[in-house]
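A.B. asks: Sending over a structure as structure tokens; questions will come in a sec.
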Amino acid sequence: MHELSLEEQLQKMRADWDQRARENARHFVDTANEDWTDEEFFASGEKTVAEEILTDLGNICQGKAPPEMRVLEIGCGAGRVTRALARFFGEVHAVDVSGEMVRLAKLALQDHPNASVYQNNGKDLTVVPEIPFDFAFSSIVFQHIPSREIIENYVREVHRLLRPGALFKFQVQGAMMGPTRPDDTWLGVPFSERQASDMAFRCGFDPRYRYGAGEQYFWLWFFKR
Ligand SMILES: C[S@@+](CC[C@H](N)C(=O)[O-])C[C@H]1O[C@@H](n2cnc3c(N)ncnc32)[C@H](O)[C@@H]1O
């Protein structure tokens with residue numbers, strides 16, 4: 001196979017995720033279950049928020065009341081976590097590369113007028129209004145992105161939209177699972193601790209905390225300087 005250009009890689013990402021969304025969106029969003037009921041699916045999003053957000057309010061809210069906060073999510077899928085975010089925070093803006101996933105997320109959020117979902121180009125946040133955000137979050141998304149360039153571009157873009165001092169909390173692939181292929185939109189590029197910190201510094205963040213280095217769920221706390 002010839003080397004994919006960035007544009008070809010982004011097209012492949014969109015096509016593959018649209019296909020997964022048509023086949024069994026909820027399963028590909030969270031492979032813990034083949035056949036999610038509405039109730040279980042959205043309860044699993046509440047669990048993510050309970051585990052990753054409610055346990056970490058000092059870093060995330062920094063003294064602000066959650067209903068006063070504007071939050072950004074990258075890779076919202078079918079709105080599993082987005083819905084839980086919209087129940088907790090004042091305003092949520094979420095992007096996803098897949099139009100099919102965005103359609104499902106909009107359905108999931110139809111009773112949550114404080115949430116906006118956008119289909120983006122898979123690499124930047126130009127579809128999101130340029131207003132200051134208080135917190136950004138992304139879970140089980142970058143672990144599927146095979147390109148370091150695309151992930152770093154997102155980190156730079158989040159930096160553009162966050163207010164100074166605010167946190168971008170996100171998860172990357174930390175396990176070294178062998179070589180990633182540019183046309184494989186399932187297995188994302190792994191980050192070592194050093195690679196993660198270097199990326200933070202290049203993009204204007206302070207990489208203050210990390211958890212799970214060497215594992216699939218490698219969580220990073222990047223604070224905008
Ligand atoms: C495993 S799902 C997780 C969805 C959601 N974060 C959750 O936890 O329920 C991964 C999502 O990331 C999206 N995605 C993959 N590559 C992306 C990219 N380059 N830009 C934006 N979204 C992307 C996919 O379309 C899919 O909806």
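Letters for chains follow the order of the structure tokens (A, B, ...), residue numbers begin at 1 for each chain, and ligand numbers begin at 1 in the order shown.
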May I have the residues within 9 Å of ligand 1, computed using only C-alpha atoms and all ligand atoms, as a PyMOL selection string?

C.D. replies: chain A and resi 10+13-14+16-18+20-21+25-31+41+44-45+48+73-82+95-102+119-124+137-147+150-151+154+185-186

A.B. asks: Running DSSP on the backbone, which parts of stretch 33-126 of chain A land in strand (DSSP E), as a PyMOL selection string?

C.D. replies: chain A and resi 70-74+91-96+115-119

A.B. asks: Do you have the atom CA of A:Ala86-atom CA of A:Arg148 distance handy?

C.D. replies: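 Atom-to-atom, atom CA of A:Ala86 and atom CA of A:Arg148 are spaced 29.5 Å apart.
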
A.B. asks: Distance table requested - stretch 33-78 of chain A against stretch 198-217 of chain A, cut-off 12 Å, only C-alpha atoms: one row per qualifying residue with the closest atom pair and its distance in Å to one decimal, ordered by chain and rising residue number, as CSV.

C.D. replies:
```
residue,atom,partner,partner_atom,distance
A:Glu52,CA,A:Tyr211,CA,11.6
A:Asp56,CA,A:Tyr209,CA,11.8
A:Asn59,CA,A:Arg208,CA,10.3
```

A.B. asks: Based on the backbone DSSP call, show me all residues of stretch 1-161 of chain A assigned alpha helix (DSSP H), as an MDAnalysis selection string.

C.D. replies: chainID A and resid 6:29 38:52 57:61 80:88 99:108 148:161

A.B. asks: Output the selection as a tab-separated table (two decimals), in the first residue's frame - C-alpha atoms for each residue.

C.D. replies:
```
chain	number	residue	atom	x	y	z
A	6	LEU	CA	-2.96	13.32	5.72
A	7	GLU	CA	-6.12	14.02	3.69
A	8	GLU	CA	-6.43	10.33	2.70
A	9	GLN	CA	-5.91	9.30	6.31
A	10	LEU	CA	-8.69	11.64	7.49
A	11	GLN	CA	-11.06	10.37	4.80
A	12	LYS	CA	-10.33	6.80	5.87
A	13	MET	CA	-11.02	7.69	9.52
A	14	ARG	CA	-14.37	9.20	8.63
A	15	ALA	CA	-15.36	6.28	6.37
A	16	ASP	CA	-14.31	3.62	8.90
A	17	TRP	CA	-16.11	5.29	11.84
A	18	ASP	CA	-19.24	5.90	9.73
A	19	GLN	CA	-19.19	2.21	8.86
A	20	ARG	CA	-18.73	1.19	12.52
A	21	ALA	CA	-21.57	3.55	13.50
A	22	ARG	CA	-23.88	1.95	10.93
A	23	GLU	CA	-22.89	-1.57	11.96
A	24	ASN	CA	-23.17	-1.26	15.76
A	25	ALA	CA	-22.34	2.25	16.97
A	26	ARG	CA	-22.68	1.57	20.67
A	27	HIS	CA	-20.53	-1.53	20.54
A	28	PHE	CA	-17.68	0.25	18.72
A	29	VAL	CA	-17.98	3.21	21.07
A	38	ASP	CA	-30.31	2.91	26.19
A	39	GLU	CA	-30.26	2.71	29.95
A	40	GLU	CA	-26.98	0.77	30.22
A	41	PHE	CA	-25.27	2.82	27.53
A	42	PHE	CA	-25.96	6.19	29.13
A	43	ALA	CA	-25.30	4.81	32.62
A	44	SER	CA	-21.80	3.86	31.40
A	45	GLY	CA	-21.28	7.51	30.36
A	46	GLU	CA	-22.38	8.63	33.84
A	47	LYS	CA	-19.83	6.17	35.24
A	48	THR	CA	-17.06	7.74	33.15
A	49	VAL	CA	-18.01	11.16	34.48
A	50	ALA	CA	-18.18	9.82	38.06
A	51	GLU	CA	-14.73	8.24	37.74
A	52	GLU	CA	-12.82	10.84	35.72
A	57	LEU	CA	-13.17	18.60	40.67
A	58	GLY	CA	-10.31	20.68	42.10
A	59	ASN	CA	-8.27	20.41	38.90
A	60	ILE	CA	-11.27	20.59	36.59
A	61	CYS	CA	-13.40	23.36	38.12
A	80	ARG	CA	-22.50	8.44	25.76
A	81	VAL	CA	-20.29	10.73	27.87
A	82	THR	CA	-21.52	13.98	26.28
A	83	ARG	CA	-24.96	13.47	27.79
A	84	ALA	CA	-23.51	13.00	31.28
A	85	LEU	CA	-21.31	16.08	30.77
A	86	ALA	CA	-24.37	18.11	29.73
A	87	ARG	CA	-26.18	17.06	32.91
A	88	PHE	CA	-23.32	18.32	35.05
A	99	GLY	CA	-21.31	12.21	10.53
A	100	GLU	CA	-23.11	9.01	11.54
A	101	MET	CA	-21.85	9.29	15.13
A	102	VAL	CA	-22.78	12.99	15.20
A	103	ARG	CA	-26.31	12.11	14.07
A	104	LEU	CA	-26.63	9.61	16.95
A	105	ALA	CA	-25.11	12.04	19.46
A	106	LYS	CA	-27.59	14.73	18.43
A	107	LEU	CA	-30.46	12.28	19.01
A	108	ALA	CA	-29.04	11.38	22.43
A	148	ARG	CA	0.98	11.68	16.07
A	149	GLU	CA	0.59	14.77	13.88
A	150	ILE	CA	-3.22	14.72	14.17
A	151	ILE	CA	-3.18	14.20	17.94
A	152	GLU	CA	-0.69	17.03	18.42
A	153	ASN	CA	-2.78	19.27	16.20
A	154	TYR	CA	-5.77	18.64	18.48
A	155	VAL	CA	-3.68	19.48	21.54
A	156	ARG	CA	-2.67	22.76	19.88
A	157	GLU	CA	-6.28	23.48	18.97
A	158	VAL	CA	-7.51	22.81	22.51
A	159	HIS	CA	-4.84	25.23	23.71
A	160	ARG	CA	-6.26	27.87	21.36
A	161	LEU	CA	-9.77	27.53	22.87
```

A.B. asks: If we count only C-alpha atoms, what is near A:Pro190 at a cut-off of 7 Å, once residues fewer than 2 positions away on the same chain are taken out, given as a ChimeraX atom specification?

C.D. replies: /A:173-176,188,192

A.B. asks: Would you mind telling me which residue in A:Phe89, A:Phe191, A:Tyr118, A:Phe223 lies nearest to A:Leu162 when using only C-alpha atoms?

C.D. replies: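 Closest to A:Leu162, using only C-alpha atoms: A:Phe223.
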
A.B. asks: Taking into account only C-alpha atoms, which residue in the set A:Ser116, A:His93, A:Glu130, A:Ala136 is nearest to A:Ile53?

C.D. replies: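 Using only C-alpha atoms, the shortest distance to A:Ile53 belongs to A:Ala136.
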
A.B. asks: Taking only C-alpha atoms into account, name the residue in A:Pro182, A:Arg70, A:Leu109, A:Thr37 that is nearest to A:Ile131.

C.D. replies: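 Result for the nearest residue to A:Ile131: A:Arg70.
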